[in-house]
Amino acid sequence: MRKNLFLVSIVLITSILLSSCRTDNRQGQGGATPTPKPVELAVHVGSEPDTIDPTLNSASDVATMLIHMFEGLTTLDKNGTPVYAQAESHTVSDDGLTYTFKLREGLKWSDGKPLTAHDFVYSWNRAISPETGADYAYMFECIEGYNEGKLNVTAPDDRTLVVKLVAVTPYFLELCAFPAFFPVRQDIVEANPDTWTLKPETYIGNGPYMLEEWVHDSYILLKKNPNYWNASSITGPDKIRFMLMSDDNAIMAAFKNGEILFADSIPTDEIDAWKGRPEFNLQAQLGTYYISFNVTKPPLNNPMVRKALVLAVDREYIVKNIGKAGQQPAGAFVPTGLFDVDPTKEFREVGGNYYDPSGEAYEANLREAKKLLADAGYPNGEGIPTIEYIYNEGTGHQLIAEALQSMWKEIGINVTLTSQEWNTFLNTRKNGEYYMARNGWTADYNDPICFLDMWITGGGNNDAQWSNAEYDELIRRIKSSSDRKERIELMHKAEDILFDEWVVCPIYYYVDIYLKSEKLDGFYSSPLDTSTLCILQSKNDRIYPATKFSTLLYRFKHGKAGSAERQTCFCSFFHFIIH
């Protein structure tokens, strides 16, 4: 999922006592019991959304908001384990290809109208429609009928959903918890195709909260959904106010002033001062900060030029002097923390680096970069016009951009820098209207394929505008194979092709930095960059027990996990107690 500001997920699953929203205990006239004031929590997770349509969104910060207002067949518990949500049970055929879900009885949309299995059939097919143009359409490729434009997903009755898969998909229940798989209301969407997400009266969801107000570029306010199936178990705040801010310094000021109790961004020059303070938090995350090349624009259409740009980057300098939070210099695109065929080894460990990202190798890398440019016909960068590099607002992104500009100057390539507002930036990059751009990607589920299938020809998240028939065929084979060993081996081959052609320029593997008020106690971070809010799952809702991962999570939380184990804690969640 696209990385905007460093996102952490919020799960409010316990009592909240907010000093600024306490009940007024003074007696009313005639001794009447006073009406409690609503409890409201203000947080920052990102800036103004480009869209809050769950089918169209690909930004991680917006996913946090969406998971509050919508819900899939499953959701993920604090251990990252799929648990039942809109579904109450499911069965899988002996060959692992047919999933039959039974929905809960009496499900409703936020406006009180019935929600049925037919809503999922409509929504999933809407997601793959070329007219919809969803970035994540390719996620449904695991379901039969994707290539024909009509998914083999049926609703024999209002509470039964039958899904036929192309191949055994070990992460399918995780996909069912992903925002692109959320249901949307057909009558609402088709009556207001371009505007249904903009007004509370048409923004109808099925999650624990519902939209009350959206003041653009200011805040999105949610309130509890009384028609949610598990409404009586929600003990979180009555309202959640997502403050929409992009200026790191303004976010920091709001946190210091107590206007927000959670800040998902911190100015780079403030990191050292906040380290060691109880409000400062740092967690492992499955993701990669990287640079996109538009491979259709000269001279970036030359792989030798792209490789030279990759090698000219001093990643050690960036993580130590700008990141300052233990980021790991990246020597590949798929990050650390994902299992290989042998679950005791990581995909990254087996695949290795495609270049040496260490500081010690920088001078040698620089010499090779200069030779590559000369061999490509651009000695000392001569003949290469000035190239524009774009990035979205944020002090960290700006400092990295300035460092890259200086590093690329070392090989004779001049670069201009352009900062863009987040939504403008997203669309500029998506439309291919750029040369080089900041980018980031975090895992959508626990499988390396989510870092690889995004690069298929015409894929909604293929910002590089890259196309390779051999690569496309490898991804097709991976998604149609039920053999784990074959899948993993093919994924290594696919990543090899990415670096045979030097499609991307990885910078570092993510960590998550955020500020959490001391008024908020008890939390689990989310290296997956997805979130669930305010739902108490009962033991009966578990789909299968969390075994090895639960052990890893325990070791992670108590400081006993090794480096590989820390990265393997790919999806946990945190809850807040507000004093």
# chains A, B, ... in the order shown; residues from 1 in each chain; ligands from 1
>>> residues_around(residues="Tyr355 (chain A)", least_positions_apart="6", cutoff="9 Å", atoms="only C-alpha atoms", output="PyMOL selection string")
chain A and resi 311+331-332+365
>>> write_last_selection(atoms="all heavy atoms", output="PDB file, in the first residue's frame")
ATOM      1  N   LEU A 311      23.075   3.336  -8.104  1.00  0.00           N
ATOM      2  CA  LEU A 311      24.372   3.129  -7.455  1.00  0.00           C
ATOM      3  C   LEU A 311      24.950   4.414  -6.865  1.00  0.00           C
ATOM      4  O   LEU A 311      25.779   4.361  -5.950  1.00  0.00           O
ATOM      5  CB  LEU A 311      25.364   2.528  -8.451  1.00  0.00           C
ATOM      6  CG  LEU A 311      25.057   1.101  -8.926  1.00  0.00           C
ATOM      7  CD1 LEU A 311      26.088   0.649  -9.948  1.00  0.00           C
ATOM      8  CD2 LEU A 311      25.029   0.132  -7.741  1.00  0.00           C
ATOM      9  N   GLY A 331      18.950  -2.957  -0.250  1.00  0.00           N
ATOM     10  CA  GLY A 331      19.678  -3.471  -1.400  1.00  0.00           C
ATOM     11  C   GLY A 331      18.781  -4.215  -2.363  1.00  0.00           C
ATOM     12  O   GLY A 331      19.253  -4.898  -3.270  1.00  0.00           O
ATOM     13  N   ALA A 332      17.468  -4.097  -2.164  1.00  0.00           N
ATOM     14  CA  ALA A 332      16.485  -4.779  -3.010  1.00  0.00           C
ATOM     15  C   ALA A 332      15.147  -4.097  -2.798  1.00  0.00           C
ATOM     16  O   ALA A 332      15.047  -3.143  -2.021  1.00  0.00           O
ATOM     17  CB  ALA A 332      16.421  -6.262  -2.679  1.00  0.00           C
ATOM     18  N   ASN A 365      30.639   1.929  -5.641  1.00  0.00           N
ATOM     19  CA  ASN A 365      29.376   2.075  -6.379  1.00  0.00           C
ATOM     20  C   ASN A 365      29.404   3.326  -7.253  1.00  0.00           C
ATOM     21  O   ASN A 365      28.927   3.327  -8.393  1.00  0.00           O
ATOM     22  CB  ASN A 365      28.197   2.160  -5.406  1.00  0.00           C
ATOM     23  CG  ASN A 365      27.871   0.833  -4.756  1.00  0.00           C
ATOM     24  OD1 ASN A 365      28.296  -0.229  -5.227  1.00  0.00           O
ATOM     25  ND2 ASN A 365      27.117   0.875  -3.665  1.00  0.00           N
TER      26      ASN A 365
END
>>> residues_around(residues="Phe182 (chain A)", least_positions_apart="6", cutoff="8 Å", atoms="only C-alpha atoms", output="MDAnalysis selection string")
chainID A and resid 54:55 70:73 120 123 176
>>> residues_around(residues="Glu388 (chain A)", least_positions_apart="4", cutoff="9 Å", atoms="only C-alpha atoms", output="JSON, numbers by chain")
{"A": [414, 415, 416, 417, 418, 434, 435, 436, 437]}
>>> atom_distance(atom1="CA of Val184 (chain A)", atom2="CA of Leu161 (chain A)")
15.4 Å
>>> atom_distance(atom1="CA of Gly458 (chain A)", atom2="CA of Ile475 (chain A)")
13.3 Å
>>> closest_residue(among="A:Gly381, A:Arg315, A:Lys307, A:Ile413", to="Asp500 (chain A)", atoms="only C-alpha atoms")
A:Lys307
>>> select_by_dssp(residues="region 126-220 of chain A", states="strand (DSSP E)", output="ChimeraX atom specification")
/A:153-157,160-164,209-215,219-220
